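> entry25.pdb is reproduced in full below (PDB, C-alpha atoms).
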ATOM      1  CA  MET A 147     -17.712 -95.038 -68.474
ATOM      2  CA  GLU A 148     -14.569 -96.475 -66.940
ATOM      3  CA  ASN A 149     -11.539 -96.421 -69.174
ATOM      4  CA  THR A 150     -10.696-100.047 -70.077
ATOM      5  CA  VAL A 151      -7.504 -99.347 -72.077
ATOM      6  CA  LYS A 152      -4.786-101.716 -70.902
ATOM      7  CA  ILE A 153      -1.340-100.132 -70.750
ATOM      8  CA  THR A 154       1.684-102.401 -70.573
ATOM      9  CA  ALA A 155       4.858-101.741 -68.611
ATOM     10  CA  ALA A 156       6.816-101.785 -71.892
ATOM     11  CA  GLU A 157       4.648 -98.963 -73.299
ATOM     12  CA  VAL A 158       5.113 -96.915 -70.148
ATOM     13  CA  ASN A 159       8.860 -97.444 -70.259
ATOM     14  CA  LYS A 160       9.028 -96.456 -73.949
ATOM     15  CA  LEU A 161       7.235 -93.169 -73.240
ATOM     16  CA  ARG A 162       9.384 -92.589 -70.199
ATOM     17  CA  GLN A 163      12.569 -93.079 -72.243
ATOM     18  CA  ALA A 164      11.296 -90.680 -74.914
ATOM     19  CA  THR A 165      10.218 -87.866 -72.590
ATOM     20  CA  GLY A 166      11.952 -88.316 -69.245
ATOM     21  CA  ALA A 167       8.568 -88.086 -67.492
ATOM     22  CA  GLY A 168       7.815 -90.099 -64.355
ATOM     23  CA  MET A 169       6.281 -93.573 -64.539
ATOM     24  CA  MET A 170       2.851 -92.543 -63.225
ATOM     25  CA  ASP A 171       2.717 -89.460 -65.470
ATOM     26  CA  CYS A 172       3.516 -91.651 -68.487
ATOM     27  CA  LYS A 173       0.852 -94.191 -67.561
ATOM     28  CA  LYS A 174      -1.795 -91.470 -67.083
ATOM     29  CA  ALA A 175      -0.860 -89.881 -70.410
ATOM     30  CA  LEU A 176      -1.136 -93.234 -72.228
ATOM     31  CA  VAL A 177      -4.503 -93.947 -70.628
ATOM     32  CA  GLU A 178      -5.766 -90.485 -71.596
ATOM     33  CA  ALA A 179      -4.471 -91.032 -75.136
ATOM     34  CA  GLY A 180      -6.144 -94.419 -75.432
ATOM     35  CA  GLY A 181      -2.777 -96.144 -75.713
ATOM     36  CA  ASP A 182      -1.623 -94.005 -78.657
ATOM     37  CA  PHE A 183       2.087 -93.235 -78.184
ATOM     38  CA  ASP A 184       2.167 -89.970 -80.203
ATOM     39  CA  LYS A 185      -1.007 -88.672 -78.558
ATOM     40  CA  ALA A 186       0.480 -89.484 -75.147
ATOM     41  CA  ILE A 187       3.515 -87.323 -75.976
ATOM     42  CA  GLU A 188       1.103 -84.511 -76.913
ATOM     43  CA  VAL A 189      -0.725 -84.965 -73.583
ATOM     44  CA  LEU A 190       2.567 -84.552 -71.708
ATOM     45  CA  ARG A 191       3.491 -81.548 -73.872
ATOM     46  CA  LYS A 192       0.200 -79.810 -73.045
ATOM     47  CA  LYS A 193       0.791 -80.520 -69.378
ATOM     48  CA  GLY A 194       4.204 -78.857 -69.776
ATOM     49  CA  GLN A 195       2.605 -75.810 -71.369
ATOM     50  CA  LYS A 196       0.229 -75.430 -68.416
ATOM     51  CA  VAL A 197       3.051 -75.767 -65.878
ATOM     52  CA  ALA A 198       5.234 -73.375 -67.894
ATOM     53  CA  ALA A 199       2.467 -70.760 -67.984
ATOM     54  CA  LYS A 200       2.020 -70.997 -64.209
ATOM     55  CA  ARG A 201       5.766 -70.678 -63.574
ATOM     56  CA  ALA A 202       6.577 -68.056 -66.215
ATOM     57  CA  ASP A 203       7.383 -65.405 -63.595
ATOM     58  CA  ARG A 204       9.730 -67.669 -61.612
ATOM     59  CA  GLU A 205      13.491 -67.118 -61.575
ATOM     60  CA  SER A 206      15.525 -69.848 -63.309
ATOM     61  CA  SER A 207      18.749 -68.799 -61.583
ATOM     62  CA  GLU A 208      20.092 -72.310 -60.919
ATOM     63  CA  GLY A 209      21.023 -74.887 -63.528
ATOM     64  CA  ALA A 210      23.968 -76.320 -65.445
ATOM     65  CA  ALA A 211      26.653 -74.803 -67.649
ATOM     66  CA  VAL A 212      27.855 -76.755 -70.685
ATOM     67  CA  ALA A 213      30.703 -76.303 -73.171
ATOM     68  CA  LYS A 214      30.907 -78.236 -76.434
ATOM     69  CA  ILE A 215      33.600 -78.199 -79.118
ATOM     70  CA  ASN A 216      33.256 -79.531 -82.680
ATOM     71  CA  ALA A 217      35.370 -82.405 -84.014
ATOM     72  CA  ASP A 218      38.132 -80.268 -85.528
ATOM     73  CA  ASN A 219      38.266 -77.818 -82.609
ATOM     74  CA  THR A 220      37.373 -74.782 -84.720
ATOM     75  CA  LYS A 221      34.053 -73.923 -83.086
ATOM     76  CA  GLY A 222      32.770 -74.006 -79.540
ATOM     77  CA  ILE A 223      29.598 -73.143 -77.669
ATOM     78  CA  ALA A 224      28.929 -72.390 -74.016
ATOM     79  CA  LEU A 225      25.394 -72.387 -72.695
ATOM     80  CA  VAL A 226      23.482 -72.459 -69.433
ATOM     81  CA  LEU A 227      20.321 -74.503 -69.024
ATOM     82  CA  GLY A 228      18.535 -72.744 -66.191
ATOM     83  CA  CYS A 229      16.131 -74.156 -63.616
ATOM     84  CA  GLU A 230      14.719 -72.943 -60.311
ATOM     85  CA  THR A 231      16.550 -75.043 -57.719
ATOM     86  CA  ASP A 232      20.053 -76.402 -57.186
ATOM     87  CA  PHE A 233      18.507 -79.813 -56.457
ATOM     88  CA  VAL A 234      17.192 -80.088 -60.027
ATOM     89  CA  GLY A 235      20.381 -78.504 -61.419
ATOM     90  CA  LYS A 236      22.406 -81.448 -60.066
ATOM     91  CA  ASN A 237      19.974 -84.138 -61.236
ATOM     92  CA  GLU A 238      21.499 -86.689 -63.609
ATOM     93  CA  ASN A 239      18.648 -86.457 -66.149
ATOM     94  CA  PHE A 240      18.811 -82.653 -66.098
ATOM     95  CA  LEU A 241      22.568 -82.726 -66.745
ATOM     96  CA  LYS A 242      21.980 -85.221 -69.581
ATOM     97  CA  LEU A 243      19.421 -82.847 -71.115
ATOM     98  CA  ALA A 244      21.861 -79.942 -70.843
ATOM     99  CA  SER A 245      24.542 -82.006 -72.599
ATOM    100  CA  GLU A 246      22.161 -83.018 -75.394
ATOM    101  CA  LEU A 247      21.175 -79.390 -75.880
ATOM    102  CA  GLY A 248      24.863 -78.489 -76.102
ATOM    103  CA  ASP A 249      25.387 -81.022 -78.889
ATOM    104  CA  ILE A 250      22.531 -79.463 -80.877
ATOM    105  CA  ALA A 251      23.735 -75.927 -80.151
ATOM    106  CA  LEU A 252      27.040 -76.619 -81.900
ATOM    107  CA  ASN A 253      25.185 -76.474 -85.217
ATOM    108  CA  TYR A 254      23.852 -72.933 -84.666
ATOM    109  CA  ASP A 255      25.283 -69.431 -84.375
ATOM    110  CA  ASN A 256      22.561 -67.713 -82.337
ATOM    111  CA  LYS A 257      20.066 -68.509 -79.614
ATOM    112  CA  GLU A 258      16.992 -67.842 -81.762
ATOM    113  CA  ASP A 259      17.932 -70.430 -84.410
ATOM    114  CA  PHE A 260      18.981 -72.867 -81.694
ATOM    115  CA  LEU A 261      15.581 -72.657 -79.960
ATOM    116  CA  ALA A 262      13.898 -73.370 -83.300
ATOM    117  CA  ALA A 263      16.130 -76.420 -83.956
ATOM    118  CA  ASP A 264      14.796 -79.968 -83.983
ATOM    119  CA  PHE A 265      14.936 -82.050 -80.805
ATOM    120  CA  GLY A 266      13.425 -85.477 -81.403
ATOM    121  CA  GLY A 267      10.490 -84.270 -83.480
ATOM    122  CA  MET A 268       9.867 -81.026 -81.590
ATOM    123  CA  THR A 269      11.771 -77.746 -81.358
ATOM    124  CA  VAL A 270      14.268 -77.056 -78.591
ATOM    125  CA  ALA A 271      11.861 -74.425 -77.241
ATOM    126  CA  GLU A 272       9.058 -77.013 -77.150
ATOM    127  CA  LYS A 273      11.375 -79.510 -75.452
ATOM    128  CA  LEU A 274      12.043 -76.973 -72.693
ATOM    129  CA  VAL A 275       8.292 -76.550 -72.192
ATOM    130  CA  GLU A 276       7.762 -80.302 -72.169
ATOM    131  CA  GLN A 277      10.507 -80.794 -69.586
ATOM    132  CA  THR A 278       9.080 -77.961 -67.483
ATOM    133  CA  GLY A 279       5.987 -80.149 -67.134
ATOM    134  CA  VAL A 280       8.057 -83.255 -66.412
ATOM    135  CA  ILE A 281      10.344 -81.619 -63.846
ATOM    136  CA  GLY A 282       7.899 -79.091 -62.421
ATOM    137  CA  GLU A 283      10.300 -76.150 -62.654
ATOM    138  CA  LYS A 284      10.765 -73.375 -65.186
ATOM    139  CA  LEU A 285      13.522 -74.238 -67.667
ATOM    140  CA  ASP A 286      15.238 -71.704 -69.878
ATOM    141  CA  ILE A 287      18.430 -71.123 -71.861
ATOM    142  CA  ASN A 288      19.988 -68.405 -69.715
ATOM    143  CA  ALA A 289      23.208 -68.033 -71.714
ATOM    144  CA  PHE A 290      24.245 -68.923 -75.253
ATOM    145  CA  GLU A 291      27.768 -68.117 -76.476
ATOM    146  CA  VAL A 292      29.536 -69.096 -79.697
ATOM    147  CA  LEU A 293      33.215 -68.811 -80.635
ATOM    148  CA  GLU A 294      35.128 -69.742 -83.791
ATOM    149  CA  ALA A 295      38.920 -69.733 -84.262
ATOM    150  CA  ALA A 296      41.814 -71.720 -85.683
ATOM    151  CA  TYR A 297      41.639 -73.700 -82.434
ATOM    152  CA  VAL A 298      39.001 -73.581 -79.710
ATOM    153  CA  GLY A 299      39.370 -75.160 -76.278
ATOM    154  CA  SER A 300      37.111 -75.318 -73.233
ATOM    155  CA  TYR A 301      36.828 -75.833 -69.497
ATOM    156  CA  VAL A 302      33.765 -76.434 -67.316
ATOM    157  CA  HIS A 303      33.896 -75.867 -63.561
ATOM    158  CA  ILE A 304      31.572 -78.241 -61.634
ATOM    159  CA  ASN A 305      28.766 -77.704 -64.178
ATOM    160  CA  LYS A 306      28.405 -74.083 -63.017
ATOM    161  CA  ILE A 307      30.813 -72.142 -65.255
ATOM    162  CA  ALA A 308      31.633 -72.935 -68.884
ATOM    163  CA  ALA A 309      34.489 -71.175 -70.688
ATOM    164  CA  ILE A 310      35.620 -71.383 -74.313
ATOM    165  CA  VAL A 311      38.806 -69.790 -75.683
ATOM    166  CA  GLY A 312      39.974 -69.235 -79.259
ATOM    167  CA  PHE A 313      43.573 -69.279 -80.523
ATOM    168  CA  SER A 314      45.213 -68.012 -83.712
ATOM    169  CA  ALA A 315      47.041 -71.237 -84.543
ATOM    170  CA  VAL A 316      47.522 -74.883 -83.619
ATOM    171  CA  VAL A 317      50.852 -75.357 -81.826
ATOM    172  CA  ASP A 318      52.475 -78.159 -79.843
ATOM    173  CA  ASN A 319      50.549 -78.936 -76.639
ATOM    174  CA  ILE A 320      47.712 -76.602 -77.651
ATOM    175  CA  GLU A 321      45.310 -78.801 -75.633
ATOM    176  CA  THR A 322      47.136 -77.947 -72.403
ATOM    177  CA  LEU A 323      47.372 -74.253 -73.266
ATOM    178  CA  ALA A 324      43.692 -74.086 -74.180
ATOM    179  CA  LYS A 325      42.557 -75.815 -70.988
ATOM    180  CA  ASP A 326      44.774 -73.589 -68.815
ATOM    181  CA  VAL A 327      43.540 -70.351 -70.380
ATOM    182  CA  ALA A 328      39.911 -71.519 -70.336
ATOM    183  CA  MET A 329      40.373 -72.350 -66.649
ATOM    184  CA  GLN A 330      41.681 -68.804 -66.148
ATOM    185  CA  VAL A 331      38.561 -67.399 -67.833
ATOM    186  CA  ALA A 332      36.293 -69.542 -65.658
ATOM    187  CA  SER A 333      38.142 -68.708 -62.427
ATOM    188  CA  MET A 334      38.931 -65.008 -62.797
ATOM    189  CA  GLY A 335      35.981 -63.735 -64.816
ATOM    190  CA  ALA A 336      37.720 -61.419 -67.280
ATOM    191  CA  THR A 337      35.369 -59.245 -69.333
ATOM    192  CA  THR A 338      37.695 -58.317 -72.203
ATOM    193  CA  LEU A 339      40.901 -59.533 -73.845
ATOM    194  CA  SER A 340      43.243 -56.579 -73.276
ATOM    195  CA  TYR A 341      43.394 -53.075 -71.783
ATOM    196  CA  LYS A 342      43.592 -51.883 -75.395
ATOM    197  CA  ASP A 343      39.905 -52.774 -75.727
ATOM    198  CA  PHE A 344      38.776 -50.309 -73.040
ATOM    199  CA  ASP A 345      36.771 -47.196 -73.898
ATOM    200  CA  PRO A 346      38.705 -44.189 -72.479
ATOM    201  CA  ALA A 347      35.474 -42.781 -71.007
ATOM    202  CA  TYR A 348      34.915 -46.036 -69.098
ATOM    203  CA  VAL A 349      38.462 -45.995 -67.707
ATOM    204  CA  ALA A 350      38.087 -42.344 -66.632
ATOM    205  CA  SER A 351      34.789 -43.087 -64.897
ATOM    206  CA  GLU A 352      36.193 -46.159 -63.136
ATOM    207  CA  THR A 353      39.278 -44.218 -62.011
ATOM    208  CA  GLU A 354      37.141 -41.509 -60.426
ATOM    209  CA  ALA A 355      34.875 -44.043 -58.716
ATOM    210  CA  ARG A 356      37.749 -46.125 -57.335
ATOM    211  CA  ILE A 357      39.653 -43.151 -56.010
ATOM    212  CA  ALA A 358      36.483 -41.890 -54.296
ATOM    213  CA  ALA A 359      35.904 -45.320 -52.703
ATOM    214  CA  ILE A 360      39.493 -45.561 -51.415
ATOM    215  CA  GLU A 361      39.399 -42.031 -50.019
ATOM    216  CA  LYS A 362      36.154 -42.856 -48.228
ATOM    217  CA  ASP A 363      37.745 -45.995 -46.747
ATOM    218  CA  ASN A 364      40.759 -43.952 -45.648
ATOM    219  CA  ILE A 365      38.574 -41.612 -43.618
ATOM    220  CA  GLU A 366      37.398 -44.559 -41.531
ATOM    221  CA  LEU A 367      40.891 -46.109 -41.365
ATOM    222  CA  GLY A 368      42.292 -42.777 -40.188
ATOM    223  CA  ARG A 369      39.611 -42.525 -37.503
ATOM    224  CA  LEU A 370      40.621 -45.990 -36.277
ATOM    225  CA  GLY A 371      44.323 -45.131 -36.391
ATOM    226  CA  LYS A 372      45.044 -47.774 -39.034
ATOM    227  CA  THR A 373      47.357 -47.629 -42.054
ATOM    228  CA  LEU A 374      45.759 -45.773 -44.942
ATOM    229  CA  LYS A 375      45.337 -47.369 -48.367
ATOM    230  CA  ASN A 376      47.426 -46.142 -51.278
ATOM    231  CA  VAL A 377      45.394 -43.869 -53.571
ATOM    232  CA  PRO A 378      46.466 -44.595 -57.169
ATOM    233  CA  LYS A 379      46.428 -41.902 -59.839
ATOM    234  CA  TYR A 380      45.796 -44.491 -62.524
ATOM    235  CA  ILE A 381      44.120 -47.910 -62.853
ATOM    236  CA  SER A 382      44.965 -49.065 -66.393
ATOM    237  CA  MET A 383      47.958 -49.406 -68.686
ATOM    238  CA  SER A 384      45.943 -47.384 -71.175
ATOM    239  CA  GLN A 385      46.554 -44.352 -68.943
ATOM    240  CA  LEU A 386      50.303 -44.920 -68.541
ATOM    241  CA  THR A 387      51.611 -42.857 -71.437
ATOM    242  CA  GLU A 388      55.312 -42.341 -72.156
ATOM    243  CA  ASP A 389      55.126 -39.018 -70.293
ATOM    244  CA  VAL A 390      53.484 -40.632 -67.251
ATOM    245  CA  LEU A 391      56.116 -43.397 -67.139
ATOM    246  CA  ALA A 392      58.971 -40.887 -67.597
ATOM    247  CA  GLU A 393      57.589 -38.808 -64.731
ATOM    248  CA  ALA A 394      57.324 -41.916 -62.544
ATOM    249  CA  GLU A 395      60.935 -42.841 -63.342
ATOM    250  CA  GLU A 396      62.159 -39.354 -62.406
ATOM    251  CA  ALA A 397      60.228 -39.576 -59.138
ATOM    252  CA  ALA A 398      61.862 -42.953 -58.432
ATOM    253  CA  LYS A 399      65.326 -41.494 -59.120
ATOM    254  CA  ALA A 400      64.618 -38.570 -56.788
ATOM    255  CA  GLU A 401      63.604 -41.054 -54.117
ATOM    256  CA  LEU A 402      66.816 -43.050 -54.552
ATOM    257  CA  LYS A 403      68.859 -39.859 -54.366
ATOM    258  CA  ALA A 404      67.085 -38.784 -51.176
ATOM    259  CA  GLU A 405      67.850 -42.206 -49.703
ATOM    260  CA  GLY A 406      71.532 -41.722 -50.497
ATOM    261  CA  LYS A 407      71.738 -44.641 -52.932
ATOM    262  CA  PRO A 408      74.841 -44.415 -55.222
ATOM    263  CA  GLU A 409      73.905 -43.562 -58.822
ATOM    264  CA  GLN A 410      75.929 -46.482 -60.175
ATOM    265  CA  ILE A 411      73.423 -48.966 -58.668
ATOM    266  CA  TRP A 412      70.248 -47.160 -59.730
ATOM    267  CA  ASP A 413      70.013 -49.232 -62.917
ATOM    268  CA  ARG A 414      69.627 -52.343 -60.791
ATOM    269  CA  ILE A 415      66.919 -50.814 -58.594
ATOM    270  CA  LEU A 416      64.854 -48.759 -61.059
ATOM    271  CA  PRO A 417      63.341 -51.688 -63.033
ATOM    272  CA  GLY A 418      61.820 -53.107 -59.845
ATOM    273  CA  LYS A 419      60.439 -49.722 -58.801
ATOM    274  CA  MET A 420      58.898 -49.175 -62.237
ATOM    275  CA  GLU A 421      57.423 -52.662 -62.219
ATOM    276  CA  ARG A 422      55.835 -51.875 -58.836
ATOM    277  CA  PHE A 423      54.517 -48.535 -60.136
ATOM    278  CA  ILE A 424      52.895 -50.240 -63.118
ATOM    279  CA  SER A 425      51.461 -52.989 -60.917
ATOM    280  CA  ASP A 426      49.965 -50.474 -58.470
ATOM    281  CA  ASN A 427      48.409 -48.456 -61.285
ATOM    282  CA  THR A 428      46.874 -51.193 -63.448
ATOM    283  CA  THR A 429      44.349 -52.738 -61.056
ATOM    284  CA  LEU A 430      41.500 -52.507 -63.570
ATOM    285  CA  ASP A 431      43.492 -54.471 -66.160
ATOM    286  CA  LYS A 432      44.264 -57.246 -63.677
ATOM    287  CA  GLU A 433      40.603 -57.589 -62.783
ATOM    288  CA  GLN A 434      38.995 -57.392 -66.213
ATOM    289  CA  CYS A 435      41.582 -58.065 -68.963
ATOM    290  CA  LEU A 436      42.378 -61.720 -69.593
ATOM    291  CA  LEU A 437      45.869 -61.223 -71.053
ATOM    292  CA  ASP A 438      46.868 -58.763 -68.321
ATOM    293  CA  GLN A 439      45.757 -60.902 -65.387
ATOM    294  CA  ASN A 440      48.255 -62.826 -63.291
ATOM    295  CA  PHE A 441      48.206 -66.446 -64.473
ATOM    296  CA  ILE A 442      46.491 -68.558 -61.807
ATOM    297  CA  LYS A 443      49.043 -71.397 -62.059
ATOM    298  CA  ASP A 444      52.068 -69.095 -61.863
ATOM    299  CA  GLU A 445      51.392 -65.599 -60.553
ATOM    300  CA  LYS A 446      54.890 -64.445 -61.550
ATOM    301  CA  LYS A 447      53.617 -64.446 -65.143
ATOM    302  CA  THR A 448      50.722 -62.684 -66.823
ATOM    303  CA  VAL A 449      48.438 -64.766 -69.015
ATOM    304  CA  ALA A 450      50.010 -63.104 -72.070
ATOM    305  CA  GLN A 451      53.474 -64.152 -70.900
ATOM    306  CA  TYR A 452      52.289 -67.708 -70.299
ATOM    307  CA  VAL A 453      50.734 -67.933 -73.770
ATOM    308  CA  ALA A 454      53.995 -66.628 -75.279
ATOM    309  CA  THR A 455      55.867 -69.671 -73.920
ATOM    310  CA  TYR A 456      54.003 -71.788 -76.499
ATOM    311  CA  GLY A 457      55.488 -69.933 -79.472
ATOM    312  CA  GLU A 458      53.691 -68.300 -82.388
ATOM    313  CA  VAL A 459      50.139 -68.330 -81.031
ATOM    314  CA  GLU A 460      47.767 -65.702 -79.633
ATOM    315  CA  VAL A 461      44.429 -65.701 -77.854
ATOM    316  CA  THR A 462      41.855 -64.356 -80.309
ATOM    317  CA  GLY A 463      38.802 -64.369 -78.072
ATOM    318  CA  PHE A 464      36.914 -66.005 -75.245
ATOM    319  CA  LYS A 465      33.375 -66.521 -73.940
ATOM    320  CA  ARG A 466      32.111 -67.379 -70.482
ATOM    321  CA  ALA A 467      28.690 -68.659 -69.389
ATOM    322  CA  SER A 468      27.827 -69.102 -65.730
ATOM    323  CA  VAL A 469      24.877 -70.209 -63.628
ATOM    324  CA  GLY A 470      23.201 -67.457 -61.608
TER     325      GLY A 470
END
Take the structure in this file and express it as structure tokens.

Amino acid sequence: MENTVKITAAEVNKLRQATGAGMMDCKKALVEAGGDFDKAIEVLRKKGQKVAAKRADRESSEGAAVAKINADNTKGIALVLGCETDFVGKNENFLKLASELGDIALNYDNKEDFLAADFGGMTVAEKLVEQTGVIGEKLDINAFEVLEAAYVGSYVHINKIAAIVGFSAVVDNIETLAKDVAMQVASMGATTLSYKDFDPAYVASETEARIAAIEKDNIELGRLGKTLKNVPKYISMSQLTEDVLAEAEEAAKAELKAEGKPEQIWDRILPGKMERFISDNTTLDKEQCLLDQNFIKDEKKTVAQYVATYGEVEVTGFKRASVG
């Protein structure tokens, strides 16, 4: 028998506003539900479950990164809502969903509790399934990071990278400092705060691997008659002990003597030579340690030196969440 349920435009619009589903999908769901609003939502949810099951093995490597900070700037979250295509990842409704999820996430300390949280009468996990049916792509929370500190700031780069940074105290112009350091985290991709955090075994392994790679490159450069790359003995400040630095200073003095430089001017030249030695032998720190990286807005300073210009404040931690 033909379905005679009359569905009004207002009812369709109400369901559309509640779920984000398309106009025709909302009308079909209302017809199937006999005009019952709650049953229509359930119809759309079941459709989402079917789509989600079919797309479970798909990669959700696109999406949007979000950072949210609480009202008193003592807690922040960074998350990535993943989808399958960049087209969906840039969609206004998708970005709105990601932002709403970020607001909810602020109330939770781990991904599991967040997924079980309420989202308009359903859990966050159920909302993702529902929206998978609406959008037609697999949706997932691909990253979930939380940070608490005396002050937490954030930076989001074109909805693709979200960074949050914690500080030990609130100082004058902390907003500017926090944004600058969060921008550094987003741009340069540090993995740890300081070289002091490195495991010695990791540093030793990285040193061996990097030296081997440079030596391999030098074989080819030599064959082509090009200038060979410098092969460093060290790659981190954690390896530059007092003995290593003393030996480097003696080598620098011997070099100055061989060049015929008067001893009375060595004190003016040695600091620069030692600075160059340290720079050449701390490449790992500059790549992976936030405080030891060159500050992106002023490469004459490290991030640690830039932070120090704000007075009695330190970076206590950071988190980074990126699409892909």
> Taking the file as shown, what set of residues would the PyMOL selection byres ((chain A and resi 316-333) around 9) give back, as a PyMOL selection string?
chain A and resi 296-303+307-315+334-337+436+439+441-443+449+452-453+456-459+461+464-468
> Return the padded bounding box of segment 213-218 of chain A as lines of an AutoDock Vina configuration file: axis-aligned, built from all atoms listed in the file, 6 Å added on each side, with centre and edge lengths in Å to one decimal.

center_x = 34.4
center_y = -79.4
center_z = -79.3
size_x = 19.4
size_y = 18.1
size_z = 24.4
> Near segment 348-353 of chain A, counting only C-alpha atoms, which residues have an atom at most 12 Å away, once you skip same-chain residues fewer than 5 positions from it, shown as a ChimeraX atom specification?
/A:341-343,358-360,377-386,427-431,434
> Please compute the atom CA of Glu208 of chain A-atom CA of Cys229 of chain A distance, one decimal, in Å.
5.1 Å
> Can you tell me how far atom CA of Ala355 of chain A sits from atom CA of Glu393 of chain A, in Å to one decimal?
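Taking atom CA of Ala355 of chain A as the start and atom CA of Glu393 of chain A as the end point, the length is 24.1 Å.
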> Taking into account all atoms listed in the file, which residue in the set A:Gly406, A:Gly168, A:Gly418, A:Gly209 is nearest to Asn237 of chain A?
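Of the candidates, the smallest distance to Asn237 of chain A is held by A:Gly209.
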> Could you state which residues are captured by the PyMOL selection byres ((chain A and resi 158) around 12) in this file, as a PyMOL selection string?
chain A and resi 152-157+159-177+181-183+186-187
> At a cut-off of 12 Å from (49.5, -44.5, -47.4) in the coordinates of the file, what residues are picked up using only C-alpha atoms, written as an mmCIF file with C-alpha atoms, in the coordinates of the input?

data_model
loop_
_atom_site.group_PDB
_atom_site.id
_atom_site.type_symbol
_atom_site.label_atom_id
_atom_site.label_comp_id
_atom_site.auth_asym_id
_atom_site.auth_seq_id
_atom_site.Cartn_x
_atom_site.Cartn_y
_atom_site.Cartn_z
ATOM 1 C CA ILE A 360 39.493 -45.561 -51.415
ATOM 2 C CA GLU A 361 39.399 -42.031 -50.019
ATOM 3 C CA ASP A 363 37.745 -45.995 -46.747
ATOM 4 C CA ASN A 364 40.759 -43.952 -45.648
ATOM 5 C CA ILE A 365 38.574 -41.612 -43.618
ATOM 6 C CA LEU A 367 40.891 -46.109 -41.365
ATOM 7 C CA GLY A 368 42.292 -42.777 -40.188
ATOM 8 C CA LYS A 372 45.044 -47.774 -39.034
ATOM 9 C CA THR A 373 47.357 -47.629 -42.054
ATOM 10 C CA LEU A 374 45.759 -45.773 -44.942
ATOM 11 C CA LYS A 375 45.337 -47.369 -48.367
ATOM 12 C CA ASN A 376 47.426 -46.142 -51.278
ATOM 13 C CA VAL A 377 45.394 -43.869 -53.571
ATOM 14 C CA PRO A 378 46.466 -44.595 -57.169
#
> Identify, on the basis of only C-alpha atoms, every residue whose closest approach to Ala398 of chain A does not exceed 12 Å; exclude the query and any residue fewer than 6 positions from it along the same chain; express the result as a list in words.
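In the requested format, the answer is Leu391, Ala392, Ala404, Glu405, Lys407, Trp412, Asp413, Ile415, Leu416, Pro417, Gly418, Lys419, Met420, Glu421, Arg422 and Phe423 of chain A.
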> Provide the atom CA of Leu227 of chain A to atom CA of Ala211 of chain A distance in Å, to one decimal place.
6.5 Å
> Care to translate the PyMOL selection byres ((chain A and resi 271) around 10) into actual residues of this file, as a PDB file with C-alpha atoms, keeping the file's coordinate frame?

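In the end it all went to result.pdb:
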ATOM      1  CA  GLU A 258      16.992 -67.842 -81.762  1.00  0.00           C
ATOM      2  CA  PHE A 260      18.981 -72.867 -81.694  1.00  0.00           C
ATOM      3  CA  LEU A 261      15.581 -72.657 -79.960  1.00  0.00           C
ATOM      4  CA  ALA A 262      13.898 -73.370 -83.300  1.00  0.00           C
ATOM      5  CA  ALA A 263      16.130 -76.420 -83.956  1.00  0.00           C
ATOM      6  CA  ASP A 264      14.796 -79.968 -83.983  1.00  0.00           C
ATOM      7  CA  PHE A 265      14.936 -82.050 -80.805  1.00  0.00           C
ATOM      8  CA  MET A 268       9.867 -81.026 -81.590  1.00  0.00           C
ATOM      9  CA  THR A 269      11.771 -77.746 -81.358  1.00  0.00           C
ATOM     10  CA  VAL A 270      14.268 -77.056 -78.591  1.00  0.00           C
ATOM     11  CA  GLU A 272       9.058 -77.013 -77.150  1.00  0.00           C
ATOM     12  CA  LYS A 273      11.375 -79.510 -75.452  1.00  0.00           C
ATOM     13  CA  LEU A 274      12.043 -76.973 -72.693  1.00  0.00           C
ATOM     14  CA  VAL A 275       8.292 -76.550 -72.192  1.00  0.00           C
ATOM     15  CA  GLU A 276       7.762 -80.302 -72.169  1.00  0.00           C
ATOM     16  CA  LEU A 285      13.522 -74.238 -67.667  1.00  0.00           C
ATOM     17  CA  ASP A 286      15.238 -71.704 -69.878  1.00  0.00           C
ATOM     18  CA  ILE A 287      18.430 -71.123 -71.861  1.00  0.00           C
TER      19      ILE A 287
END
> Find, counting all atoms listed in the file, the residue in A:Glu291, A:Ala244, A:Glu283, A:Thr231 that gets nearest to Lys257 of chain A.
A:Glu291
> Compare A:Asp389, A:Asp249, A:Asp232, A:Glu445 by their minimum atom-to-atom distance to Lys306 of chain A, counting all atoms listed in the file, and give me the closest one.
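The closest residue to Lys306 of chain A is A:Asp232.
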> Find the residue from A:Leu437, A:Pro408, A:Glu395, A:Glu354 that sits nearest to Ile424 of chain A; use all atoms listed in the file when measuring.
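Closest to Ile424 of chain A, using all atoms listed in the file: A:Glu395.
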